[in-house]
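Have a look at the structure below, then the notes.
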Amino acid sequence: MQVLRARHLLAALAIVSLLLPHGALAAPPTSAEKRADREALRAALLEVLQRAPLKVSRVGVHMQSLDDGTVVFTHNADELLNPASNVKLVTSAAALATLGPEFRYDTEFLVEPEMPADGKVKTLYVRGKGDPSMTTERLWGVVSELWHSGLREVGDIVVDDSWFDAERTPPGYDQEDSDRAYMAPTGALSLNWNAAAIFLRPGASPGAKGTVEMEPPSDYFVVDNQLSTGAKRARRVSVTSDPAGPQQKIVVRGQVPPERGGAVSVWKKIDNPPMYFGQTLKQLLNTRGMKVKGRVKTGLTPSKARMVHVAQSDTFDVMLKRLNKLSSNFVAEQLLKTMGAEGRGQPGSFTKGVEVVEQFLERDVGIPRGTYVMKNGSGLNDANRFSAAQINKLLRYMHTRFTFAPEYLSSVPIAGKDGTLKYRFEGSEAVGKLRAKTGTLEGVSALSGYVTSAGGERFSFSMMVNDFAGRAGPIVAGLDALGAAVAATGSSLGPSSAVASLADGGKPSGAIDDVAARIKTYLDLGRQRDQRNLGFLRTAWRSERDPAVRAVLAESLYQSNPHDYLGARTLLDSYSAGNDVYGRLREVARVLSVEVPGVTSMVELAAGGNTEALARVLELAGATGVDAQAQSEMSVALGEVARTAPEELVVALRAAAPADRESSSTLLARALVQAGQADHPFWKSLRRMQGAADPQVATFAKGLDSTLSQKVAEAKAPRPPEGGAPVQVVAPAGGSSTPPPPRNTGSAPDASRTAETRPGG
């Protein structure tokens, strides 16, 4: 019997050993093996840092074992660098520590002196406390609560925004004049992340007027609809949002194609949060059957007012996920002011909020005041400076604090799974094992967080890159290689193999006819604009090694869900003007008798004012060479962009490489001749920019005006009878090619939805 039991026990242990993860029963590595793993990791990381463009950039890296505290790698770790959205790690840590994970926001609805029996009140007061999560859907729920409390008629609605001070945006926001949703202002009474959705639909036939609808609809918006229905498949739309006293003026220009399924949505910031909230509330009250006879106005809530309803937000962990996984600038700045109000007394301000953060860093984390620079809570633009060692120290501190470590760690994106890391680290050991916050500005890329290696060791790390030239894609690939190397430490292949795998950017493969056949399949899937294809397309994009095919897959991903920021990000990172992508896709276009794949989507983004897409379009124009067909296509494209995003195009031309600027200005002149409009929007914007406050912008605009006028005259001159001869490129006069200040490129109202409006935080 004992022998039988022993056999059963051995069999059970064998089964358990098979079910356990590989290596779970293995002995821990010896000290010699650990040293070898660390040396292999160090060698792999040094190899990555020696590659271009990291080698010629300012890079700070600090990595430390969470298990034994050993610093496993450091490189310029004490240098103060711009951390971009990695500042949100600081903001969220301070907010968790000072407010607590159980913290909820209150929004109060009051009447004076009390609710009468007939439900008719003279004034409904709404007092905000800074809730960054109030949405139209939640507000509709509040309206139902007010109905059931007996409210039937309202005179005036008074919105009380006094919990915060009147300064809507912090330092750094003034460096960028934009109506994009990631620039949304703060407000004690805020709604929909202080952004609004504009839905655009075509008319019944080409040439018909398009439809513009606001969400949420209210009297807060004044809409100027200049939208028409185009004859082509392409979307060329520009939407602007500007303050108009107590209202917001929305101007829509351009064309939408007749056959595009559903409505096109664009998110833009609003400028008067309390009036936006109040007017939306008024609309919802009327819809629910409660008459509002008066008007919406700002004011203070009297002390004798009686509470009717308190709307509470979700707990803090939900807020943090939106902040860090989606890199919401708006939530970060709301939290900063909330810390100021709760910790230093109302009204909450950015200055008070920064004081609370500084106290937390010095008293709790051990980072003294004066050793860093923090001006805002989101990391937007050129306003903050931290070192990699400081960010890593913060991460280690938060990891050791049980009272808020779970909420903090769960708020950051998971590699290859969600948030801003959803499409990164694919195929590496880091997928699912690395959690980190991204940071992206012009000339800035950062990644800081935690990773568990294949050998089971846990690490914290911070990596920041500043002052790199050109596209962010190669820098992001370098940071991913660093992270993947740490994750692969202790595996059978080791960190060097992970670095080599991610460094392999792929190369052209196969005859052009074979490549064209594959591309045709992906083009057909993209034209379906069906989100059910996304899973297949993502898998194909991850495994594809041919750069041209990969670029087409990226376009199909974008076309299948144009509202997804990450889809647009994938297209921008995958598409280049080099021969391996644009050059080969021109050959494919000739084989398939189609437009060059990818160009239409890139121009679509550029026409909406996307900074990176504009830069890419100018690079494509510069790469047309003497190809007459390509020149013609890019001339049309530039003409469309000049109509809907004229000022953004001028800024992009100023920042472009000289050769690309020369080619683009010549092709643009041809397009302006074809348009034949003396009052073309581009000319109006160009001449308005000649009076810009920035003397360099004004000088460039004057030079560009002179150059384009000359080129237009040349383009109108008699042409060779063939009509298709390549144009001669003439350099534009004057102007500086110095790029504008750093800006977020890639976040948002509902930051996960909007390709045109969110930076890649």
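Chain identifiers are assigned as A, B, and so on, following the order in which chains appear in the structure tokens; residues are numbered from 1 within each chain, and ligands are numbered from 1 in order of appearance.
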Would you pick out the contacts of Thr229 of chain A at 9 Å or less, using only C-alpha atoms, so that residues sharing its chain but fewer than 4 positions from it are not included, and give the list as number ranges by chain?
A: 201-210, 254-258
Do a neighbour search on Gly299 of chain A at 12 Å with only C-alpha atoms, toss out local chain neighbours closer than 2 positions, and write the hits as a PyMOL selection string.
chain A and resi 123-128+156-163+274-275+278+296-297+301-302
Shell around segment 389-403 of chain A at 6 Å using only C-alpha atoms, local window under 2 positions removed, as a ChimeraX atom specification
/A:62,77-78,387,405,461-462
For Ser327 of chain A, which residue among A:Asp131, A:Asp660, A:Glu145, A:Asp418 is the nearest when counting only C-alpha atoms?
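Ranked by minimum distance to Ser327 of chain A, first place goes to A:Asp418.
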